[in-house]
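Colleague: Pasting a structure here, questions to come.
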Protein chains: 2
Amino acid sequence: MSNPIRVAVTGAAGQIAYSILFRIASGQLFGKDRPVHLNLLEIPPAMNAVAGVAMELEDCAFPTLAGITLTDQAEVAFDGINWALLIGSRPRGPGMERADLIKINGPIFVGQGKALNRSASDVRIMVVGNPCNSNCLIAMNNSDVPNDRFSAMMRLDQNRAKALLATKSNNPVTAISNLAVWGNHSNKQYPDFENARINGRPVTEVITDLPWLQTTFVTTVQERGADIIKARGLSSAASAANAALDHVTSLFQPTADKDWISAAICSNGAYGADAGLICGLPVRTRADGTQEIVEGLTLSPWAQGQFNTVLDELRAEREVVKDLLK
Amino acid sequence: MSNPIRVAVTGAAGQIAYSILFRIASGQLFGKDRPVHLNLLEIPPAMNAVAGVAMELEDCAFPTLAGITLTDQAEVAFDGINWALLIGSRPRGPGMERADLIKINGPIFVGQGKALNRSASDVRIMVVGNPCNSNCLIAMNNSDVPNDRFSAMMRLDQNRAKALLATKSNNPVTAISNLAVWGNHSNKQYPDFENARINGRPVTEVITDLPWLQTTFVTTVQERGADIIKARGLSSAASAANAALDHVTSLFQPTADKDWISAAICSNGAYGADAGLICGLPVRTRADGTQEIVEGLTLSPWAQGQFNTVLDELRAEREVVKDLLK
């Protein structure tokens, strides 16, 4: 087998990590012929728990698991890595506003951004820990790693939107393509049904109930996380982990012809999204594994209004953390 | 794509199910070209939670997930199924003895055994919920499904034993073969190092420290579950789920030449294991997908003593539930 790919996972004792680590170690992400070395980062009080996770990973006897490093130091976790999955973040406490959450998480991502300078030259960084767009912005601005290696996760939103359109139109999920979720991974995100397609046809031709699309569809996707918490009593973990696997796969596999995926990457100014923002956009992966923003899509005035709202939210979040951006 | 394979999972809102359902739905068990329909069985108080799990499964937009049925009725859950993963069981409460646990779980598996009569003609049943050997025995004895379709999980023990021998001998886990765990999935199980091999050589030739093998190795495997609980604060879930996937795969894929796997199946009387007991034994899957017990292996008097101890435990468990066996 080839040299191991080195993958750092933060928040490694948490629920999302518990759902993703075994799938990565099993070879489901990078293939059955590619050994993986996992660097698991946690805060000191969780080191005992993450040791238990490592024991369970060993107990799987995965042929593809080359080794595990446990650490509470980002510099150790990120040393020589090819992928960083930044899953860990401080959760929102009772009565905490989104701005408070952003402030409390900021310093973590300042430190992790600097520590990422120790990673391999081909490193890619994906931020899952919320608020993921702004956490990613902070890490990117505090790192010497090129901006185009950073991304934040909109894929759970994309998958939710596809599943909902598939159910509504009585099609398999594979029938849904070109689904972009614009802006922020927050309840102001805009899941774009105008440019999405069902079996190659515009969604609005197949689902002709525009009020349903503009209200039920959009708000169901926006509020899905809260609905899951209501049902399970716990936040989405396995579906978030699954979306993270999809996201990573979509960043190293060229995108299918004429399709695109949803990812929050560093904006180049397209569509009025300020250059340098980590913004959910339609994205394609080229044959060489780099990404491009799909430009030239049309948004109706109504859709542009949705995007403007969430862009304003991203700008406000940036203002909250401006002292942490170099 | 072909017709969906129908898989029932009991205890579907529990932690092991949460770790296995997404891997099954992703196509990792039955392949990317085989759609899966999941029948999720839970007790009434957990139906809200399992609805949340189903929402998360939908949110993954898995191309291979053909549908989900939620029910609190075993007759509905097992209707027309090809595989039953009986994961749910009542956990051991404070001060509860193993015999109490067996008694409290017995009636559940009586009902499930009868309900399995509604399954497809090719159904296979795997019991994971503990005490899995005796729960499987009860289900088998209360069902018209042929005995050779029933099995209970020894695979987590096998995987743990392989990982430990690999670490001790500084080999990859793929170097370890022919690892049988005899008897009961309990802390009296006997992980058989005498017949196991490392790179084709007897383990005892590679690891010459016999006291380590007879004591540290055996007790570490036997007590691993308790050690995980100590570290994580929670019992093994992801590694148990992974072992269940390995077990199922090993029952439909022919076993590699000269190797065997560990599974608890209905004994034919080999090795002095009473015919009709669900006993951990060395097992091979034939080219036609049926199983055979690997006979003719030699156990040293010491190993035979280990096996006799755990056989006595299985017999005692059978005595506890004898009124539930037809």
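By order of appearance in the structure tokens: chains A, B, ..., then residues from 1 within every chain, and ligands from 1 in the order shown.
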Residues of chain A no more than 9 Å from chain B, counting only C-alpha atoms: send them over as a PyMOL selection string.

Modeller: chain A and resi 13+18-19+22-23+26+28+48-53+55-63+66+156-164+172-174+227-233+236-240+242-243

Colleague: Please return, as a compact mmCIF listing (two decimals) with N, CA, C and O atoms, in the first residue's frame, all residues of region 38-261 of chain A that DSSP assigns to strand (DSSP E or B) on the basis of the backbone.

Modeller:
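Below you can see states_26.txt, which holds the result:
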```
# COMPACT_ATOMS: atom_id res chain seq x y z
N LEU A 38 -4.58 8.84 11.55
CA LEU A 38 -5.47 9.82 12.16
C LEU A 38 -4.78 10.55 13.31
O LEU A 38 -4.25 9.91 14.22
N ASN A 39 -4.79 11.88 13.25
CA ASN A 39 -4.34 12.70 14.37
C ASN A 39 -5.58 13.27 15.06
O ASN A 39 -6.31 14.06 14.47
N LEU A 40 -5.82 12.84 16.28
CA LEU A 40 -7.04 13.24 16.98
C LEU A 40 -6.73 14.32 18.01
O LEU A 40 -5.97 14.10 18.95
N LEU A 41 -7.34 15.49 17.82
CA LEU A 41 -7.12 16.63 18.71
C LEU A 41 -8.33 16.81 19.62
O LEU A 41 -9.47 16.83 19.15
N LEU A 65 -6.23 1.43 8.53
CA LEU A 65 -5.85 2.37 9.60
C LEU A 65 -4.39 2.16 9.97
O LEU A 65 -4.01 1.20 10.63
N ALA A 66 -3.55 3.10 9.52
CA ALA A 66 -2.10 2.94 9.70
C ALA A 66 -1.64 3.34 11.09
O ALA A 66 -0.62 2.85 11.57
N GLY A 67 -2.38 4.23 11.74
CA GLY A 67 -1.95 4.66 13.07
C GLY A 67 -2.83 5.78 13.58
O GLY A 67 -3.62 6.36 12.83
N ILE A 68 -2.71 6.04 14.88
CA ILE A 68 -3.51 7.07 15.54
C ILE A 68 -2.59 7.86 16.46
O ILE A 68 -1.80 7.29 17.21
N THR A 69 -2.68 9.18 16.39
CA THR A 69 -1.97 10.05 17.33
C THR A 69 -3.01 10.82 18.13
O THR A 69 -3.91 11.42 17.56
N LEU A 70 -2.87 10.79 19.46
CA LEU A 70 -3.78 11.54 20.33
C LEU A 70 -3.04 12.73 20.92
O LEU A 70 -1.93 12.57 21.42
N THR A 71 -3.64 13.90 20.86
CA THR A 71 -2.94 15.08 21.39
C THR A 71 -3.92 16.18 21.76
O THR A 71 -5.03 16.23 21.23
N TRP A 83 -4.93 16.52 5.31
CA TRP A 83 -6.29 17.02 5.47
C TRP A 83 -6.52 17.39 6.93
O TRP A 83 -6.10 16.67 7.84
N ALA A 84 -7.20 18.52 7.13
CA ALA A 84 -7.65 18.91 8.48
C ALA A 84 -9.16 19.00 8.45
O ALA A 84 -9.73 19.75 7.66
N LEU A 85 -9.81 18.23 9.30
CA LEU A 85 -11.26 18.34 9.48
C LEU A 85 -11.48 19.00 10.83
O LEU A 85 -11.34 18.37 11.88
N LEU A 86 -11.80 20.31 10.77
CA LEU A 86 -11.93 21.09 12.01
C LEU A 86 -13.39 21.01 12.47
O LEU A 86 -14.22 21.85 12.11
N ARG A 124 -5.35 20.41 2.81
CA ARG A 124 -6.68 20.97 2.59
C ARG A 124 -7.37 21.04 3.95
O ARG A 124 -7.26 20.11 4.75
N ILE A 125 -8.10 22.11 4.17
CA ILE A 125 -8.75 22.32 5.46
C ILE A 125 -10.25 22.48 5.27
O ILE A 125 -10.69 23.30 4.47
N MET A 126 -11.02 21.69 6.00
CA MET A 126 -12.46 21.79 5.98
C MET A 126 -12.94 22.13 7.38
O MET A 126 -12.58 21.44 8.34
N VAL A 127 -13.78 23.16 7.50
CA VAL A 127 -14.31 23.54 8.81
C VAL A 127 -15.77 23.09 8.91
O VAL A 127 -16.60 23.43 8.06
N PHE A 150 -8.88 26.34 1.93
CA PHE A 150 -9.84 26.39 3.03
C PHE A 150 -11.28 26.29 2.51
O PHE A 150 -11.62 26.88 1.48
N SER A 151 -12.08 25.55 3.25
CA SER A 151 -13.51 25.51 2.92
C SER A 151 -14.32 25.24 4.18
O SER A 151 -13.80 24.73 5.16
N ALA A 152 -15.57 25.61 4.12
CA ALA A 152 -16.50 25.31 5.22
C ALA A 152 -17.69 24.56 4.64
O ALA A 152 -17.97 24.62 3.43
N ILE A 176 -31.71 14.76 -8.66
CA ILE A 176 -31.55 16.18 -8.36
C ILE A 176 -30.09 16.59 -8.58
O ILE A 176 -29.18 15.96 -8.06
N SER A 177 -29.88 17.65 -9.34
CA SER A 177 -28.51 18.12 -9.59
C SER A 177 -28.47 19.65 -9.47
O SER A 177 -29.50 20.30 -9.28
N ALA A 180 -27.17 24.51 -5.37
CA ALA A 180 -26.26 25.38 -4.62
C ALA A 180 -26.99 25.94 -3.40
O ALA A 180 -28.17 26.29 -3.48
N VAL A 181 -26.29 25.96 -2.28
CA VAL A 181 -26.80 26.66 -1.10
C VAL A 181 -25.91 27.87 -0.89
O VAL A 181 -24.70 27.75 -0.71
N TRP A 182 -26.51 29.04 -0.97
CA TRP A 182 -25.76 30.29 -1.00
C TRP A 182 -25.61 30.88 0.39
O TRP A 182 -26.55 30.88 1.18
N GLY A 183 -24.40 31.40 0.65
CA GLY A 183 -24.21 32.23 1.83
C GLY A 183 -23.60 31.54 3.01
O GLY A 183 -22.47 31.06 2.96
N TYR A 190 -29.53 30.41 1.72
CA TYR A 190 -30.51 30.34 0.64
C TYR A 190 -30.28 29.09 -0.22
O TYR A 190 -29.36 29.05 -1.05
N PRO A 191 -31.13 28.06 -0.06
CA PRO A 191 -31.04 26.87 -0.93
C PRO A 191 -31.70 27.19 -2.26
O PRO A 191 -32.90 27.46 -2.32
N ASP A 192 -30.92 27.16 -3.31
CA ASP A 192 -31.30 27.72 -4.62
C ASP A 192 -32.03 26.69 -5.48
O ASP A 192 -31.40 25.84 -6.11
N ARG A 197 -31.87 21.37 -10.75
CA ARG A 197 -32.54 20.60 -11.79
C ARG A 197 -33.01 19.24 -11.27
O ARG A 197 -32.42 18.67 -10.36
N ILE A 198 -34.10 18.77 -11.88
CA ILE A 198 -34.62 17.43 -11.59
C ILE A 198 -34.63 16.68 -12.91
O ILE A 198 -35.31 17.09 -13.86
N ARG A 201 -34.19 18.89 -15.87
CA ARG A 201 -35.15 19.98 -16.10
C ARG A 201 -35.14 20.94 -14.92
O ARG A 201 -34.95 20.53 -13.78
N PRO A 202 -35.40 22.23 -15.17
CA PRO A 202 -35.46 23.17 -14.05
C PRO A 202 -36.48 22.71 -13.01
O PRO A 202 -37.58 22.25 -13.37
N ILE A 261 -21.50 21.60 -6.95
CA ILE A 261 -21.76 21.25 -5.56
C ILE A 261 -21.80 22.54 -4.74
O ILE A 261 -21.41 23.60 -5.23
```

Colleague: Name the residues in contact with Val110 (chain B) at a cut-off of 9 Å, using only C-alpha atoms, excluding same-chain residues fewer than 4 positions from it; report them as a PyMOL selection string.

Modeller: chain B and resi 106+114-115+135+138-143+324-325

Colleague: May I have the residues from that selection written out with N, CA, C and O atoms, as a short mmCIF file (atom, residue, chain, number, x, y, z; two decimals), in the first residue's frame?

Modeller:
```
data_model
loop_
_atom_site.label_atom_id
_atom_site.label_comp_id
_atom_site.auth_asym_id
_atom_site.auth_seq_id
_atom_site.Cartn_x
_atom_site.Cartn_y
_atom_site.Cartn_z
N GLY B 106 -35.44 -12.42 27.58
CA GLY B 106 -36.02 -13.61 26.95
C GLY B 106 -37.31 -13.37 26.20
O GLY B 106 -37.40 -13.68 24.99
N LYS B 114 -40.97 -15.46 16.76
CA LYS B 114 -42.24 -15.75 16.09
C LYS B 114 -42.46 -14.80 14.92
O LYS B 114 -42.89 -15.21 13.83
N ALA B 115 -42.16 -13.53 15.13
CA ALA B 115 -42.39 -12.54 14.06
C ALA B 115 -41.48 -12.80 12.86
O ALA B 115 -41.82 -12.41 11.73
N ASN B 135 -29.93 -14.88 23.60
CA ASN B 135 -31.04 -14.22 22.90
C ASN B 135 -31.28 -14.88 21.54
O ASN B 135 -32.41 -15.10 21.12
N ILE B 138 -32.98 -18.25 21.93
CA ILE B 138 -34.42 -18.11 22.18
C ILE B 138 -35.15 -17.80 20.87
O ILE B 138 -36.16 -18.42 20.55
N ALA B 139 -34.64 -16.84 20.11
CA ALA B 139 -35.30 -16.48 18.85
C ALA B 139 -35.36 -17.69 17.92
O ALA B 139 -36.41 -17.99 17.33
N MET B 140 -34.25 -18.40 17.81
CA MET B 140 -34.18 -19.57 16.92
C MET B 140 -35.20 -20.63 17.32
O MET B 140 -35.86 -21.22 16.46
N ASN B 141 -35.33 -20.85 18.63
CA ASN B 141 -36.23 -21.90 19.11
C ASN B 141 -37.70 -21.50 19.03
O ASN B 141 -38.57 -22.35 19.20
N ASN B 142 -37.97 -20.24 18.80
CA ASN B 142 -39.35 -19.78 18.70
C ASN B 142 -39.75 -19.42 17.28
O ASN B 142 -40.79 -18.80 17.06
N SER B 143 -38.92 -19.80 16.32
CA SER B 143 -39.16 -19.43 14.94
C SER B 143 -39.19 -20.67 14.05
O SER B 143 -38.54 -21.68 14.36
N LEU B 324 -38.49 -20.97 27.84
CA LEU B 324 -38.76 -20.17 26.63
C LEU B 324 -38.36 -20.93 25.36
O LEU B 324 -38.54 -20.42 24.26
N LEU B 325 -37.78 -22.12 25.53
CA LEU B 325 -37.34 -22.89 24.36
C LEU B 325 -38.37 -23.96 24.07
O LEU B 325 -38.74 -24.72 24.95
#
```

Colleague: For CA of Asp312 (chain A) and CA of Phe193 (chain A), quote the distance in Å rounded to one decimal.

Modeller: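 CA of Phe193 (chain A) lies at a distance of 20.8 Å from CA of Asp312 (chain A).
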
Colleague: Enumerate as a PyMOL selection string all residues of region 32-125 of chain B assigned to alpha helix (DSSP H) by DSSP on the backbone, naming them with the chain letters and numbers the document uses.

Modeller: chain B and resi 47-58+74-77+98-115

Colleague: List the neighbours of Ala74 (chain B) out to 12 Å using only C-alpha atoms; skip same-chain residues closer than 6 positions along the sequence, and give me the result as a CSV table (one decimal) with N, CA and C atoms, in the first residue's frame.

Modeller:
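Final output, saved to part.csv:
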```csv
chain,number,residue,atom,x,y,z
B,8,ALA,N,-34.1,-5.3,8.5
B,8,ALA,CA,-34.7,-4.9,9.7
B,8,ALA,C,-33.6,-4.6,10.8
B,9,VAL,N,-33.7,-3.5,11.5
B,9,VAL,CA,-32.7,-3.2,12.6
B,9,VAL,C,-33.5,-2.9,13.8
B,10,THR,N,-33.3,-3.7,14.9
B,10,THR,CA,-34.0,-3.5,16.1
B,10,THR,C,-33.1,-2.6,17.0
B,11,GLY,N,-33.8,-1.9,18.0
B,11,GLY,CA,-33.0,-1.0,18.8
B,11,GLY,C,-32.5,0.1,18.0
B,39,ASN,N,-36.1,-1.3,7.7
B,39,ASN,CA,-37.2,-1.4,8.6
B,39,ASN,C,-36.7,-1.1,10.1
B,40,LEU,N,-37.0,0.0,10.7
B,40,LEU,CA,-36.5,0.3,12.0
B,40,LEU,C,-37.5,0.0,13.1
B,41,LEU,N,-37.1,-0.9,14.0
B,41,LEU,CA,-38.0,-1.3,15.1
B,41,LEU,C,-37.5,-0.7,16.4
B,42,GLU,N,-38.5,-0.1,17.1
B,42,GLU,CA,-38.1,0.5,18.4
B,42,GLU,C,-39.3,0.3,19.3
B,43,ILE,N,-39.1,0.5,20.6
B,43,ILE,CA,-40.2,0.4,21.6
B,43,ILE,C,-40.9,1.8,21.5
B,44,PRO,N,-42.2,1.8,21.9
B,44,PRO,CA,-43.0,3.0,21.7
B,44,PRO,C,-42.4,4.3,22.3
B,80,GLY,N,-41.2,-9.7,5.2
B,80,GLY,CA,-40.5,-9.7,3.9
B,80,GLY,C,-39.1,-9.4,3.9
B,81,ILE,N,-38.4,-9.4,5.1
B,81,ILE,CA,-37.0,-9.0,5.2
B,81,ILE,C,-36.1,-10.1,4.7
B,84,ALA,N,-32.1,-9.6,9.3
B,84,ALA,CA,-32.5,-9.0,10.5
B,84,ALA,C,-31.3,-8.8,11.4
B,86,LEU,N,-30.6,-7.9,15.0
B,86,LEU,CA,-31.4,-7.8,16.3
B,86,LEU,C,-30.4,-7.2,17.3
B,88,GLY,N,-31.3,-4.5,19.4
B,88,GLY,CA,-31.9,-4.0,20.6
B,88,GLY,C,-32.0,-5.0,21.7
B,108,ILE,N,-38.6,-10.8,24.9
B,108,ILE,CA,-38.5,-10.0,23.7
B,108,ILE,C,-38.1,-10.9,22.5
B,109,PHE,N,-37.2,-11.8,22.7
B,109,PHE,CA,-36.7,-12.7,21.7
B,109,PHE,C,-37.6,-13.8,21.3
B,110,VAL,N,-38.5,-14.2,22.3
B,110,VAL,CA,-39.6,-15.1,21.9
B,110,VAL,C,-40.5,-14.4,20.9
B,111,GLY,N,-40.9,-13.2,21.2
B,111,GLY,CA,-41.8,-12.5,20.2
B,111,GLY,C,-41.1,-12.3,18.9
B,112,GLN,N,-39.9,-11.9,18.9
B,112,GLN,CA,-39.2,-11.6,17.7
B,112,GLN,C,-39.0,-12.9,16.9
B,113,GLY,N,-38.7,-14.0,17.6
B,113,GLY,CA,-38.6,-15.3,16.9
B,113,GLY,C,-39.8,-15.6,16.1
B,114,LYS,N,-41.0,-15.5,16.8
B,114,LYS,CA,-42.2,-15.8,16.1
B,114,LYS,C,-42.5,-14.8,14.9
B,115,ALA,N,-42.2,-13.5,15.1
B,115,ALA,CA,-42.4,-12.5,14.1
B,115,ALA,C,-41.5,-12.8,12.9
B,116,LEU,N,-40.4,-13.4,13.1
B,116,LEU,CA,-39.4,-13.7,12.0
B,116,LEU,C,-40.1,-14.7,11.0
B,117,ASN,N,-41.1,-15.4,11.3
B,117,ASN,CA,-41.8,-16.2,10.4
B,117,ASN,C,-42.4,-15.5,9.2
B,118,ARG,N,-42.5,-14.1,9.4
B,118,ARG,CA,-43.0,-13.3,8.3
B,118,ARG,C,-42.0,-12.8,7.3
B,119,SER,N,-40.7,-13.2,7.6
B,119,SER,CA,-39.6,-12.7,6.7
B,119,SER,C,-39.5,-13.4,5.4
```

Colleague: Measuring atom to atom with only C-alpha atoms, identify which of A:Asn133, A:Thr309, A:Asn147, A:Gln214 is nearest to Asn268 (chain A).

Modeller: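 Once distances to Asn268 (chain A) are computed over only C-alpha atoms, the minimum belongs to A:Asn147.
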
Colleague: At what distance in Å, to one decimal, does CA of Gln189 (chain B) lie from CA of Gly305 (chain B)?

Modeller: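 Separation of CA of Gly305 (chain B) and CA of Gln189 (chain B): 11.5 Å.
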